[in-house]
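These notes are about the structure you will find just below.
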Amino acid sequence: MNLGRNNPCPCGSGKKYKRCCMDRGSKLHAEMLDDVEQVVAMSPNLTFDELNVVIQKRNDERNNRPDPDFCGLSPSQMGNWLYAPFNELAWVTICTPEVLSTSPVMRYLALILDEAMQNDGSFKATSKGNLPAKLVKQSSDFLPEFAVSQFERHISISEFSGSNEDKFNALHYTRILAEIAGVIYRRSGRYHVKKAAQKQYQSQGIRAFFKPMLEAATMKYNWGYLDSWEHNIDLKTVWLFMLWRLQTHASVERLIDDVATAFPDLLLECQPDDYYTPMELLSTLIESRFIERFLQYWGFVTIDPKRFLPQEHVSRKVQIQSLLTQTFQFNTQH
């Protein structure tokens, strides 16, 4: 679809395209051209190489300047958060908490590892390739120990319990992450813990796998795996920005606005249909894939299910858990 400058922006903001999602790229291009013209006018005798040095310096200054659309982050900071490998992320310190018992993912992983270690490093999978019923039952019994939303405590609709792995999303998610992280693997109808992982578990305990599992969740796992949405919106790329904003204000509505402002291209990817505007679809995907099936699974936040009250808007907040603040310390000041 070719968009004219004066067409309504497809993000649903009501603004013209040139004043909305097209605007930021045009501004940056115009600024660069202005810089070139200004430098040439002031120093017409500069060589091409000298001109490049001056323009590069100005670009570096611009890239390190706080951008209000990025909630005060500079383009350089945002670039690091979007594209750097997990172990090279800057302006944030990622720590392994001393106690991980409040994290569903880490408790389930410990249960899987304990079962294998008690049986010479492996245990039998079901005929379907799932975790055995014994582990599912033990994992379900953890539910009262976790800080989860009130509706999640009913086993029939809970993400944190189930009669088998297929009906137990948080446990299934954990098993998939453990495979992606290289902690376990399935062969000949059995789940095995890798030899190196066995030694790590014996010497360091479950904390040895916190960062590898977290890296798998944020860098390698398919965030749309557990839902039925067909939209391939790459929210995983902006996970650290979303986490920073949510830890700052704990407001779902403000988080959606922050993401839409900083990444208008995500709205362009959210094609409207008969049921959702682009903004509503983006909101639904962020709540489902980021808040509910990432942050809650890890024990970082809780959020109550949506409540629909006629003629009344209910501002939705997340409850930040101590595990989140212990894990992520942000330092975004210049």
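By order of appearance in the structure tokens: chains A, B, ..., then residues from 1 within every chain, and ligands from 1 in the order shown.
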Item to check | Selection: 9 Å around Leu246 (chain A), only C-alpha atoms, excl. self and same-chain fewer than 4 positions, as a PyMOL selection string | outcome: chain A and resi 241-242+250-252+254-255+318+320
Checklist entry - Among region 93-124 of chain A, which ones does DSSP place in strand (DSSP E), written as a list in words? => result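 The strand (DSSP E) subset of region 93-124 of chain A is Thr93, Ile94, Ser122, Phe123 and Lys124 of chain A.
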Take the residues from that selection and write them out as a PDB file, in the first residue's frame, keeping C-alpha atoms.
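Now in part19.pdb:
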```pdb
ATOM      1  CA  THR A  93      22.495  -3.992  34.988  1.00  0.00           C
ATOM      2  CA  ILE A  94      20.937  -7.455  34.896  1.00  0.00           C
ATOM      3  CA  SER A 122      17.343 -38.152  32.530  1.00  0.00           C
ATOM      4  CA  PHE A 123      13.696 -39.170  32.828  1.00  0.00           C
ATOM      5  CA  LYS A 124      11.062 -40.613  30.504  1.00  0.00           C
TER       6      LYS A 124
END
```
Item to check | Distance in Å - CA of Asp257 (chain A) versus CA of Gln271 (chain A) | outcome: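 Atom-to-atom, CA of Asp257 (chain A) and CA of Gln271 (chain A) are spaced 17.4 Å apart.
Of the residues listed (A:Leu295, A:Val40, A:Ala262, A:Val301), A:Ala262 shows the shortest atom-to-atom separation from Ser74 (chain A); distances use only C-alpha atoms.
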Checklist entry - What is the CA of Val238 (chain A)-CA of Trp81 (chain A) distance in Å, reported with one decimal? => result 7.3 Å
Checklist entry - What lies within 12 Å of Asn119 (chain A) using only C-alpha atoms, ignoring chain neighbours under 5 positions off, as an MDAnalysis selection string? => result chainID A and resid 112:114 124 190:193 198
Can those selected residues be exported to a file as a compact mmCIF listing (two decimals), in the first residue's frame so that it contains N, CA and C atoms?
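Printed below is part22.txt as written:
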```
# COMPACT_ATOMS: atom_id res chain seq x y z
N ILE A 112 12.25 -29.90 37.20
CA ILE A 112 12.69 -30.72 36.07
C ILE A 112 14.11 -31.24 36.29
N LEU A 113 14.99 -30.36 36.74
CA LEU A 113 16.39 -30.75 36.95
C LEU A 113 16.51 -31.76 38.09
N ASP A 114 15.75 -31.55 39.16
CA ASP A 114 15.81 -32.48 40.30
C ASP A 114 15.36 -33.88 39.88
N LYS A 124 11.88 -40.24 31.66
CA LYS A 124 11.06 -40.61 30.50
C LYS A 124 10.03 -39.55 30.20
N ARG A 190 13.31 -39.68 26.05
CA ARG A 190 13.67 -39.25 27.40
C ARG A 190 14.18 -37.81 27.36
N TYR A 191 13.97 -37.11 28.47
CA TYR A 191 14.56 -35.79 28.64
C TYR A 191 15.87 -35.93 29.39
N HIS A 192 16.92 -35.33 28.85
CA HIS A 192 18.25 -35.41 29.43
C HIS A 192 18.72 -34.01 29.83
N VAL A 193 19.42 -33.92 30.93
CA VAL A 193 20.10 -32.69 31.32
C VAL A 193 21.53 -32.79 30.81
N GLN A 198 24.49 -30.31 34.38
CA GLN A 198 24.47 -31.07 35.62
C GLN A 198 25.55 -30.56 36.58
```
Residues near Tyr221 (chain A), cut-off 8 Å, only C-alpha atoms, skip fewer than 3 positions along chain, as a compact mmCIF listing (two decimals) with all heavy atoms, in the first residue's frame:
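File written: result01.txt
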```txt
# COMPACT_ATOMS: atom_id res chain seq x y z
N LEU A 177 11.84 -23.12 26.93
CA LEU A 177 12.99 -22.25 27.19
C LEU A 177 14.21 -23.06 27.60
O LEU A 177 15.33 -22.75 27.18
CB LEU A 177 12.66 -21.25 28.31
CG LEU A 177 11.77 -20.06 28.01
CD1 LEU A 177 11.80 -19.08 29.17
CD2 LEU A 177 12.16 -19.36 26.72
N ILE A 180 15.73 -24.37 24.50
CA ILE A 180 16.37 -23.31 23.73
C ILE A 180 17.68 -22.87 24.38
O ILE A 180 18.68 -22.61 23.70
CB ILE A 180 15.42 -22.10 23.61
CG1 ILE A 180 14.19 -22.46 22.77
CG2 ILE A 180 16.14 -20.91 22.97
CD1 ILE A 180 13.13 -21.37 22.74
N ALA A 216 17.26 -16.65 26.62
CA ALA A 216 16.44 -17.43 25.70
C ALA A 216 15.05 -16.82 25.54
O ALA A 216 14.51 -16.76 24.44
CB ALA A 216 16.34 -18.87 26.19
N ALA A 217 14.50 -16.33 26.64
CA ALA A 217 13.15 -15.76 26.62
C ALA A 217 13.08 -14.46 25.86
O ALA A 217 12.08 -14.17 25.18
CB ALA A 217 12.65 -15.55 28.05
N THR A 218 14.13 -13.65 25.93
CA THR A 218 14.09 -12.31 25.34
C THR A 218 14.74 -12.23 23.97
O THR A 218 14.47 -11.28 23.22
CB THR A 218 14.78 -11.30 26.28
OG1 THR A 218 16.12 -11.73 26.55
CG2 THR A 218 14.02 -11.17 27.58
```
Next on the checklist: Just want the 9 Å neighbourhood of Gln321 (chain A), counted on only C-alpha atoms, with same-chain residues fewer than 5 positions away dropped. Output as a ChimeraX atom specification.
Outcome noted: /A:147,299-302
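Going from CA of Asp265 (chain A) over to CA of Ile303 (chain A), you cover 27.0 Å.
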Item to check | Surrounding residues of Gly162 (chain A) excluding itself and chain neighbours under 3 positions, 9 Å, only C-alpha atoms, as an NGL selection string | outcome: :A and (136-137 or 139-140 or 155-159 or 165-169 or 171)
Counting only C-alpha atoms, give me one row per residue of region 122-199 of chain A with an atom at most 10 Å from an atom of region 222-230 of chain A, showing the shortest contact pair and its distance in Å to one decimal, sorted by chain then residue number, as a Markdown table.
```
| residue | atom | partner | partner_atom | distance |
| --- | --- | --- | --- | --- |
| A:Asn169 | CA | A:Leu226 | CA | 7.5 |
| A:Ala170 | CA | A:Leu226 | CA | 9.8 |
| A:His172 | CA | A:Leu226 | CA | 9.4 |
| A:Tyr173 | CA | A:Leu226 | CA | 8.3 |
```
Checklist entry - Counting only C-alpha atoms, which of A:Glu145, A:Asp69, A:Glu287, A:Glu179 gets nearest to Lys220 (chain A)? => result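 Among the listed residues, the smallest separation from Lys220 (chain A) belongs to A:Glu179.
Nearest residue to Ser103 (chain A) among A:Met219, A:Ile286, A:Ala208, A:Val148 is A:Val148, counting only C-alpha atoms.
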